[in-house]
Structures are given as C-alpha cells and as structure tokens.
$ cat structure_23.pdb   # PDB, C-alpha atoms
MODEL        1
ATOM      1  CA  CYS A   1      27.513  -9.093 -68.607
ATOM      2  CA  ARG A   2      30.174 -10.838 -70.668
ATOM      3  CA  ASP A   3      30.550 -12.685 -73.929
ATOM      4  CA  PRO A   4      29.248 -16.276 -73.903
ATOM      5  CA  LEU A   5      31.668 -19.005 -72.848
ATOM      6  CA  SER A   6      32.369 -21.770 -75.339
ATOM      7  CA  LEU A   7      32.688 -25.446 -74.491
ATOM      8  CA  HIS A   8      36.455 -24.900 -74.436
ATOM      9  CA  ASP A   9      35.888 -22.481 -71.531
ATOM     10  CA  ALA A  10      33.621 -24.896 -69.660
ATOM     11  CA  LEU A  11      32.910 -24.076 -66.053
ATOM     12  CA  PRO A  12      33.983 -26.907 -63.678
ATOM     13  CA  ILE A  13      30.438 -27.271 -62.368
ATOM     14  CA  SER A  14      29.357 -30.631 -60.963
ATOM     15  CA  PHE A  15      25.957 -31.950 -59.943
ATOM     16  CA  ALA A  16      25.370 -31.788 -56.169
ATOM     17  CA  ALA A  17      22.590 -32.833 -53.778
ATOM     18  CA  SER A  18      22.305 -33.309 -50.027
ATOM     19  CA  ALA A  19      19.903 -34.586 -47.381
ATOM     20  CA  THR A  20      19.690 -35.155 -43.638
ATOM     21  CA  ASP A  21      17.383 -37.188 -41.397
ATOM     22  CA  GLY A  22      18.427 -35.470 -38.176
ATOM     23  CA  THR A  23      20.966 -38.138 -37.258
ATOM     24  CA  ARG A  24      23.161 -38.225 -40.349
ATOM     25  CA  THR A  25      23.936 -35.754 -43.130
ATOM     26  CA  ARG A  26      24.709 -37.084 -46.602
ATOM     27  CA  ALA A  27      25.839 -35.180 -49.691
ATOM     28  CA  TRP A  28      26.524 -36.377 -53.230
ATOM     29  CA  VAL A  29      28.644 -34.862 -55.998
ATOM     30  CA  PHE A  30      28.611 -36.143 -59.577
ATOM     31  CA  GLY A  31      30.568 -35.229 -62.701
ATOM     32  CA  GLY A  32      31.977 -31.808 -63.460
ATOM     33  CA  THR A  33      35.270 -31.040 -65.178
ATOM     34  CA  ARG A  34      38.766 -31.315 -63.788
ATOM     35  CA  SER A  35      40.048 -28.232 -61.976
ATOM     36  CA  ASP A  36      43.514 -28.440 -63.570
ATOM     37  CA  GLY A  37      42.417 -26.343 -66.539
ATOM     38  CA  SER A  38      42.258 -29.304 -68.926
ATOM     39  CA  GLY A  39      38.463 -29.175 -69.151
ATOM     40  CA  VAL A  40      38.323 -32.994 -69.081
ATOM     41  CA  PRO A  41      34.795 -34.048 -68.001
ATOM     42  CA  MET A  42      34.272 -36.636 -65.259
ATOM     43  CA  SER A  43      31.685 -39.312 -64.486
ATOM     44  CA  GLU A  44      32.635 -39.981 -60.867
ATOM     45  CA  MET A  45      29.997 -40.094 -58.128
ATOM     46  CA  TRP A  46      31.125 -39.294 -54.589
ATOM     47  CA  GLU A  47      29.201 -39.284 -51.327
ATOM     48  CA  PHE A  48      30.107 -37.421 -48.153
ATOM     49  CA  GLY A  49      28.590 -38.690 -44.904
ATOM     50  CA  ALA A  50      28.754 -37.249 -41.395
ATOM     51  CA  ALA A  51      26.870 -37.807 -38.160
ATOM     52  CA  VAL A  52      24.744 -34.994 -36.774
ATOM     53  CA  GLU A  53      25.953 -34.128 -33.300
ATOM     54  CA  GLU A  54      24.862 -31.650 -30.680
ATOM     55  CA  GLY A  55      25.879 -28.237 -31.916
ATOM     56  CA  GLY A  56      26.623 -29.270 -35.501
ATOM     57  CA  VAL A  57      27.937 -31.989 -37.782
ATOM     58  CA  GLY A  58      30.723 -34.342 -36.742
ATOM     59  CA  GLU A  59      33.774 -35.393 -38.719
ATOM     60  CA  GLY A  60      32.774 -36.967 -42.014
ATOM     61  CA  GLU A  61      34.209 -39.199 -44.710
ATOM     62  CA  TRP A  62      34.010 -39.573 -48.482
ATOM     63  CA  GLY A  63      33.068 -42.683 -50.434
ATOM     64  CA  MET A  64      33.161 -43.218 -54.207
ATOM     65  CA  TRP A  65      30.490 -45.093 -56.176
ATOM     66  CA  ARG A  66      32.147 -48.076 -57.864
ATOM     67  CA  GLY A  67      29.296 -49.785 -59.681
ATOM     68  CA  GLU A  68      28.699 -50.256 -63.402
ATOM     69  CA  GLY A  69      26.228 -48.782 -65.868
ATOM     70  CA  GLY A  70      26.205 -45.178 -64.650
ATOM     71  CA  PRO A  71      25.930 -41.939 -66.646
ATOM     72  CA  PRO A  72      28.614 -40.708 -69.043
ATOM     73  CA  PRO A  73      30.751 -37.720 -68.071
ATOM     74  CA  MET A  74      28.479 -34.717 -67.462
ATOM     75  CA  TRP A  75      28.760 -31.139 -66.227
ATOM     76  CA  GLU A  76      26.907 -27.824 -65.859
ATOM     77  CA  GLY A  77      23.585 -29.466 -65.006
ATOM     78  CA  THR A  78      21.576 -29.790 -61.811
ATOM     79  CA  ALA A  79      20.927 -32.530 -59.260
ATOM     80  CA  VAL A  80      17.588 -32.556 -57.431
ATOM     81  CA  MET A  81      16.812 -34.700 -54.390
ATOM     82  CA  MET A  82      13.305 -36.206 -54.451
ATOM     83  CA  ASN A  83      11.455 -39.171 -52.916
ATOM     84  CA  ASP A  84      10.307 -42.168 -54.941
ATOM     85  CA  ALA A  85       6.962 -43.967 -54.576
ATOM     86  CA  ARG A  86       8.315 -45.837 -51.540
ATOM     87  CA  GLY A  87       9.502 -42.649 -49.872
ATOM     88  CA  ARG A  88      13.181 -43.409 -50.531
ATOM     89  CA  PRO A  89      15.501 -40.535 -51.485
ATOM     90  CA  VAL A  90      16.483 -40.429 -55.157
ATOM     91  CA  ILE A  91      18.605 -37.942 -57.076
ATOM     92  CA  TYR A  92      17.580 -36.671 -60.517
ATOM     93  CA  LEU A  93      20.271 -35.363 -62.876
ATOM     94  CA  VAL A  94      18.537 -32.659 -64.904
ATOM     95  CA  GLY A  95      20.093 -31.211 -68.046
ATOM     96  CA  GLY A  96      23.739 -30.314 -68.545
ATOM     97  CA  VAL A  97      26.322 -31.416 -71.087
ATOM     98  CA  GLN A  98      27.249 -35.044 -71.741
ATOM     99  CA  SER A  99      30.425 -36.362 -73.341
ATOM    100  CA  VAL A 100      30.342 -39.725 -75.151
ATOM    101  CA  ASP A 101      33.302 -40.972 -77.205
ATOM    102  CA  GLY A 102      34.688 -37.440 -77.328
ATOM    103  CA  VAL A 103      31.417 -35.966 -78.658
ATOM    104  CA  GLN A 104      29.751 -33.352 -76.454
ATOM    105  CA  PHE A 105      26.005 -32.657 -76.546
ATOM    106  CA  LEU A 106      23.198 -31.400 -74.334
ATOM    107  CA  ALA A 107      21.576 -34.033 -72.133
ATOM    108  CA  SER A 108      17.990 -34.682 -73.163
ATOM    109  CA  LEU A 109      15.211 -33.729 -70.741
ATOM    110  CA  ALA A 110      13.082 -36.509 -72.247
ATOM    111  CA  GLU A 111      15.215 -39.101 -70.438
ATOM    112  CA  VAL A 112      17.134 -38.399 -67.246
ATOM    113  CA  TRP A 113      19.473 -40.330 -64.998
ATOM    114  CA  VAL A 114      18.256 -41.153 -61.483
ATOM    115  CA  PHE A 115      20.459 -42.346 -58.608
ATOM    116  CA  THR A 116      18.974 -44.337 -55.706
ATOM    117  CA  PRO A 117      21.404 -44.286 -52.760
ATOM    118  CA  SER A 118      21.872 -47.333 -50.545
ATOM    119  CA  SER A 119      22.630 -47.353 -46.831
ATOM    120  CA  THR A 120      26.379 -47.785 -47.443
ATOM    121  CA  LEU A 121      28.682 -44.824 -48.073
ATOM    122  CA  GLY A 122      29.034 -44.309 -51.823
ATOM    123  CA  GLY A 123      26.598 -47.123 -52.569
ATOM    124  CA  GLY A 124      23.519 -47.054 -54.773
ATOM    125  CA  THR A 125      22.152 -47.807 -58.227
ATOM    126  CA  TRP A 126      21.643 -45.806 -61.421
ATOM    127  CA  SER A 127      18.661 -45.991 -63.757
ATOM    128  CA  THR A 128      17.108 -43.865 -66.498
ATOM    129  CA  VAL A 129      13.564 -42.511 -66.570
ATOM    130  CA  ALA A 130      11.682 -41.579 -69.761
ATOM    131  CA  LEU A 131       9.685 -38.336 -69.569
ATOM    132  CA  SER A 132       7.020 -36.797 -71.835
ATOM    133  CA  GLY A 133       6.518 -33.214 -72.998
ATOM    134  CA  ALA A 134      10.153 -32.318 -72.346
ATOM    135  CA  PRO A 135      11.476 -28.803 -73.021
ATOM    136  CA  VAL A 136      14.673 -28.268 -74.992
ATOM    137  CA  GLY A 137      17.905 -29.474 -73.401
ATOM    138  CA  ARG A 138      20.061 -26.870 -71.666
ATOM    139  CA  ARG A 139      23.001 -26.165 -69.394
ATOM    140  CA  GLY A 140      23.544 -23.509 -66.733
ATOM    141  CA  HIS A 141      19.857 -23.553 -65.726
ATOM    142  CA  VAL A 142      18.312 -23.803 -62.260
ATOM    143  CA  ALA A 143      16.219 -26.693 -60.954
ATOM    144  CA  VAL A 144      14.484 -27.107 -57.594
ATOM    145  CA  GLY A 145      12.242 -29.797 -56.138
ATOM    146  CA  PHE A 146       9.053 -29.351 -54.106
ATOM    147  CA  ASP A 147       5.765 -31.227 -53.547
ATOM    148  CA  GLY A 148       6.775 -34.089 -55.834
ATOM    149  CA  ASN A 149       7.700 -31.751 -58.706
ATOM    150  CA  ILE A 150      10.905 -30.438 -60.269
ATOM    151  CA  TRP A 151      10.842 -26.892 -61.666
ATOM    152  CA  ILE A 152      13.489 -25.630 -64.096
ATOM    153  CA  GLN A 153      14.153 -22.198 -65.598
ATOM    154  CA  GLY A 154      16.629 -20.524 -67.914
ATOM    155  CA  GLY A 155      19.923 -21.941 -69.075
ATOM    156  CA  ARG A 156      21.770 -21.729 -72.369
ATOM    157  CA  SER A 157      22.526 -23.633 -75.553
ATOM    158  CA  LEU A 158      25.461 -25.955 -76.142
ATOM    159  CA  ASP A 159      27.626 -23.260 -77.749
ATOM    160  CA  GLY A 160      26.483 -20.603 -75.288
ATOM    161  CA  THR A 161      25.088 -18.243 -77.934
ATOM    162  CA  GLU A 162      21.419 -18.704 -76.976
ATOM    163  CA  VAL A 163      19.992 -18.061 -73.509
ATOM    164  CA  TRP A 164      16.574 -19.440 -72.547
ATOM    165  CA  SER A 165      13.816 -17.644 -70.655
ATOM    166  CA  ASP A 166      11.307 -20.491 -70.453
ATOM    167  CA  SER A 167      10.432 -22.627 -67.441
ATOM    168  CA  ALA A 168       8.796 -26.015 -66.979
ATOM    169  CA  LEU A 169       7.465 -28.265 -64.220
ATOM    170  CA  LEU A 170       8.111 -32.019 -64.051
ATOM    171  CA  ASP A 171       5.554 -34.126 -62.197
ATOM    172  CA  VAL A 172       7.774 -36.941 -60.961
ATOM    173  CA  SER A 173       4.828 -39.285 -60.291
ATOM    174  CA  THR A 174       3.570 -39.139 -63.904
ATOM    175  CA  GLY A 175       6.872 -38.453 -65.636
ATOM    176  CA  SER A 176       5.434 -35.518 -67.580
ATOM    177  CA  TRP A 177       6.692 -31.980 -68.184
ATOM    178  CA  THR A 178       4.376 -28.948 -68.330
ATOM    179  CA  ALA A 179       5.446 -25.526 -69.561
ATOM    180  CA  THR A 180       5.098 -22.696 -67.033
ATOM    181  CA  SER A 181       5.464 -18.920 -67.307
ATOM    182  CA  GLU A 182       8.399 -17.214 -69.013
ATOM    183  CA  GLY A 183      11.102 -15.511 -66.969
ATOM    184  CA  GLU A 184      14.304 -13.652 -67.801
ATOM    185  CA  GLN A 185      16.844 -14.920 -70.334
ATOM    186  CA  VAL A 186      19.461 -15.944 -67.796
ATOM    187  CA  TRP A 187      21.965 -18.721 -67.046
ATOM    188  CA  GLY A 188      24.384 -19.538 -64.236
ATOM    189  CA  HIS A 189      21.924 -18.293 -61.634
ATOM    190  CA  LEU A 190      20.901 -19.827 -58.286
ATOM    191  CA  ALA A 191      17.485 -20.870 -56.978
ATOM    192  CA  VAL A 192      16.138 -21.976 -53.589
ATOM    193  CA  VAL A 193      12.641 -22.845 -52.372
ATOM    194  CA  LEU A 194      11.311 -20.727 -49.504
ATOM    195  CA  GLY A 195       7.875 -21.973 -48.507
ATOM    196  CA  GLU A 196       5.762 -21.648 -51.654
ATOM    197  CA  THR A 197       8.196 -19.260 -53.358
ATOM    198  CA  VAL A 198      11.225 -19.929 -55.560
ATOM    199  CA  LEU A 199      13.889 -17.273 -54.964
ATOM    200  CA  MET A 200      16.414 -16.761 -57.772
ATOM    201  CA  ALA A 201      19.574 -14.651 -57.691
ATOM    202  CA  PHE A 202      22.738 -13.811 -59.643
ATOM    203  CA  GLY A 203      23.432 -15.249 -63.102
ATOM    204  CA  GLU A 204      24.374 -14.015 -66.572
ATOM    205  CA  PHE A 205      21.809 -12.448 -68.903
ATOM    206  CA  SER A 206      21.423 -12.776 -72.679
ATOM    207  CA  LEU A 207      23.607 -10.632 -74.919
ATOM    208  CA  GLU A 208      20.519  -8.719 -76.123
ATOM    209  CA  LEU A 209      19.621  -7.699 -72.566
ATOM    210  CA  CYS A 210      23.243  -6.890 -71.793
ATOM    211  CA  GLU A 211      23.405  -4.526 -74.769
ATOM    212  CA  ALA A 212      20.170  -2.865 -73.634
ATOM    213  CA  ILE A 213      21.594  -2.385 -70.127
ATOM    214  CA  ARG A 214      24.796  -0.913 -71.510
TER     215      ARG A 214
ENDMDL
END
$ encode --input "structure_23.pdb" --output "structure tokens"
Amino acid sequence: CRDPLSLHDALPISFAASATDGTRTRAWVFGGTRSDGSGVPMSEMWEFGAAVEEGGVGEGEWGMWRGEGGPPPMWEGTAVMMNDARGRPVIYLVGGVQSVDGVQFLASLAEVWVFTPSSTLGGGTWSTVALSGAPVGRRGHVAVGFDGNIWIQGGRSLDGTEVWSDSALLDVSTGSWTATSEGEQVWGHLAVVLGETVLMAFGEFSLELCEAIR
C-alpha cells in the first residue's frame, strides 16, 4: 500500500484493445501521457496490424488515426472491444481522465466515446453514445466485455483520495447501466474473463484497508 498519487503523478496509462479473426491480428492504443516525465496527456489513436502465420504472428506495422472529431486527451481509463448490432468490432472507451483546455476531469460514464475501425490500418470513425443509470466517473478501474455487456469495478476519484468498491454492468444493446455487487476498494488492478468468471488480480487498496493491514 502507498499514499494516493495526485494528477501531477499521473501514471502513463493508455487505453488498449485487440482482436484477431485468425488471419490478421489488430491492436489499438489510445491516449495516455507522455513517457518523458512531463505528464502531458495525448489524444492519439494508433493501430498495430500483423498477419497471423503458421507458428505465430508475422511482422507488423503501425498506423495512426488522422481523422477529425475524436476524443480529447485521456488516460487511466479502459478500452473494451465489443460488437455492434451489425457484428462489426467497436471499441468503447470507459472512464478515465479527460483534459480539455488545460482542465482535467473524470470522463462521464453517462456518455462514452466509441471507435469503429475500418479495414484500413489506422482508419475508422469516432462517435459518442449516451447511456442511462451511469455510476460515478472513475479512473484506475477495470472493465471487461462479455455476452454483449461491459462490467466495471473499483477505481478511484480524480484526486486519488477516494477508492471505489462498487461495480456495474452496461448492456450495450440498451445503453443502460445496472449496479451489481460490491467488491473491494481497489484501483490499478487487472481483470480477465475466463468462461463465466471474471478473474481480478493486483492493484492498490484504499488507505483505510491499508491501515488495517498494517
């Protein structure tokens, strides 16, 4: 356990998602902060593409999204790969911190950015989706997608002094959030879906729990 990090100590965490159809692997990285120690947030979207070959993945290449109308600089959120009503892959940016005109604030979970990739490397379009019943905004949480839903848990406040224990489920088809059971007060953890189970590991706990452990 350690003292909470402030925005001036922001972790250079970007949003990342990946997918493969058996013939080609594609991965996307959005936002984050510069790794030079400046803490300057970014709004760049990059895609890595590589062909799937016998015995592994072949040599790949990077392409940068160069359209207009995308999200502002963001970091310490999550990207979740889903399918839209037509079965096309789409990427949801869930939570995190946004920076607009030098002002930093938590991204709302009542409206999220969605990226629809095209067939060209780095290509695609951005849009926003309004959602109902949204939980409080957060950063450093986990989010995973399964069966047309996105499940989130934990995270922390903008200044890092509050750590959340709640969880919620987003039904992508209806655009509505539903609260689910409470978990630990934790942020910076990892989560993966294994069958019908979400496995979580690592992370930082709330200061109250840390003091109890000590």
$ closest_residue --input "structure_23.pdb" --among "A:Arg88, A:Arg66, A:Arg24, A:His141" --to "Leu190 (chain A)" --atoms "only C-alpha atoms"
A:His141
$ residues_around --input "structure_23.pdb" --residues "Ala110 (chain A)" --least-positions-apart "4" --cutoff "6 Å" --atoms "all atoms listed in the file" --output "number ranges by chain"
A: 130-131, 134
$ resolve_selection --input "structure_23.pdb" --expression "the PyMOL selection byres ((chain A and resi 59) around 12)" --output "count of residues only"
14
$ residues_around --input "structure_23.pdb" --residues "Val163 (chain A)" --least-positions-apart "3" --cutoff "8 Å" --atoms "all atoms listed in the file" --output "ChimeraX atom specification"
/A:154-157,160,185-187,205-206
$ residues_around --input "structure_23.pdb" --residues "Val193 (chain A)" --least-positions-apart "4" --cutoff "10 Å" --atoms "all atoms listed in the file" --output "VMD selection string"
chain A and resid 144 to 146 197 to 200
$ write_last_selection --input "structure_23.pdb" --atoms "C-alpha atoms" --output "CSV table (one decimal), in the coordinates of the input"
chain,number,residue,atom,x,y,z
A,144,VAL,CA,14.5,-27.1,-57.6
A,145,GLY,CA,12.2,-29.8,-56.1
A,146,PHE,CA,9.1,-29.4,-54.1
A,197,THR,CA,8.2,-19.3,-53.4
A,198,VAL,CA,11.2,-19.9,-55.6
A,199,LEU,CA,13.9,-17.3,-55.0
A,200,MET,CA,16.4,-16.8,-57.8
$ build_atoms --input "structure_23.pdb" --residues "region 22-33 of chain A" --atoms "all heavy atoms" --output "short mmCIF file (atom, residue, chain, number, x, y, z; two decimals), in the frame of the given file"
data_model
loop_
_atom_site.label_atom_id
_atom_site.label_comp_id
_atom_site.auth_asym_id
_atom_site.auth_seq_id
_atom_site.Cartn_x
_atom_site.Cartn_y
_atom_site.Cartn_z
N GLY A 22 18.31 -35.89 -39.56
CA GLY A 22 18.43 -35.47 -38.18
C GLY A 22 19.49 -36.21 -37.40
O GLY A 22 19.93 -35.76 -36.34
N THR A 23 19.91 -37.37 -37.92
CA THR A 23 20.97 -38.14 -37.26
C THR A 23 22.21 -38.25 -38.12
O THR A 23 23.31 -38.46 -37.62
CB THR A 23 20.48 -39.56 -36.91
OG1 THR A 23 20.11 -40.24 -38.11
CG2 THR A 23 19.29 -39.50 -35.95
N ARG A 24 22.02 -38.12 -39.44
CA ARG A 24 23.16 -38.22 -40.35
C ARG A 24 22.94 -37.31 -41.55
O ARG A 24 21.83 -37.23 -42.08
CB ARG A 24 23.38 -39.66 -40.82
CG ARG A 24 24.63 -39.83 -41.68
CD ARG A 24 24.96 -41.30 -41.90
NE ARG A 24 26.16 -41.48 -42.69
CZ ARG A 24 27.40 -41.38 -42.23
NH1 ARG A 24 27.59 -41.10 -40.95
NH2 ARG A 24 28.45 -41.57 -43.00
N THR A 25 23.97 -36.61 -41.94
CA THR A 25 23.94 -35.75 -43.13
C THR A 25 24.69 -36.45 -44.25
O THR A 25 25.80 -36.95 -44.05
CB THR A 25 24.57 -34.38 -42.85
OG1 THR A 25 23.74 -33.67 -41.93
CG2 THR A 25 24.71 -33.57 -44.12
N ARG A 26 24.09 -36.46 -45.45
CA ARG A 26 24.71 -37.08 -46.60
C ARG A 26 24.69 -36.10 -47.77
O ARG A 26 23.71 -35.37 -47.97
CB ARG A 26 23.97 -38.37 -47.01
CG ARG A 26 23.81 -39.37 -45.88
CD ARG A 26 22.99 -40.57 -46.28
NE ARG A 26 23.67 -41.42 -47.23
CZ ARG A 26 23.10 -42.51 -47.78
NH1 ARG A 26 21.85 -42.84 -47.49
NH2 ARG A 26 23.80 -43.26 -48.63
N ALA A 27 25.76 -36.06 -48.52
CA ALA A 27 25.84 -35.18 -49.69
C ALA A 27 26.50 -35.94 -50.83
O ALA A 27 27.42 -36.72 -50.61
CB ALA A 27 26.63 -33.91 -49.36
N TRP A 28 26.00 -35.69 -52.05
CA TRP A 28 26.52 -36.38 -53.23
C TRP A 28 27.00 -35.37 -54.26
O TRP A 28 26.38 -34.31 -54.45
CB TRP A 28 25.43 -37.25 -53.87
CG TRP A 28 24.97 -38.39 -53.02
CD1 TRP A 28 25.41 -39.69 -53.05
CD2 TRP A 28 23.97 -38.35 -51.99
NE1 TRP A 28 24.75 -40.45 -52.13
CE2 TRP A 28 23.86 -39.67 -51.45
CE3 TRP A 28 23.16 -37.34 -51.47
CZ2 TRP A 28 22.98 -39.98 -50.44
CZ3 TRP A 28 22.28 -37.65 -50.45
CH2 TRP A 28 22.19 -38.97 -49.94
N VAL A 29 28.10 -35.69 -54.93
CA VAL A 29 28.64 -34.86 -56.00
C VAL A 29 28.92 -35.76 -57.20
O VAL A 29 29.59 -36.79 -57.08
CB VAL A 29 29.94 -34.15 -55.56
CG1 VAL A 29 30.51 -33.34 -56.71
CG2 VAL A 29 29.70 -33.27 -54.35
N PHE A 30 28.41 -35.35 -58.36
CA PHE A 30 28.61 -36.14 -59.58
C PHE A 30 29.17 -35.27 -60.69
O PHE A 30 28.76 -34.13 -60.89
CB PHE A 30 27.30 -36.76 -60.07
CG PHE A 30 27.43 -37.42 -61.41
CD1 PHE A 30 27.98 -38.69 -61.51
CD2 PHE A 30 27.05 -36.76 -62.57
CE1 PHE A 30 28.15 -39.29 -62.75
CE2 PHE A 30 27.21 -37.35 -63.81
CZ PHE A 30 27.76 -38.63 -63.90
N GLY A 31 30.09 -35.85 -61.47
CA GLY A 31 30.57 -35.23 -62.70
C GLY A 31 31.36 -33.96 -62.50
O GLY A 31 32.12 -33.79 -61.55
N GLY A 32 31.18 -33.03 -63.43
CA GLY A 32 31.98 -31.81 -63.46
C GLY A 32 33.18 -31.98 -64.38
O GLY A 32 33.35 -32.99 -65.05
N THR A 33 34.03 -30.97 -64.42
CA THR A 33 35.27 -31.04 -65.18
C THR A 33 36.45 -30.86 -64.24
O THR A 33 36.32 -30.27 -63.17
CB THR A 33 35.32 -29.97 -66.28
OG1 THR A 33 35.20 -28.66 -65.69
CG2 THR A 33 34.19 -30.16 -67.28
#
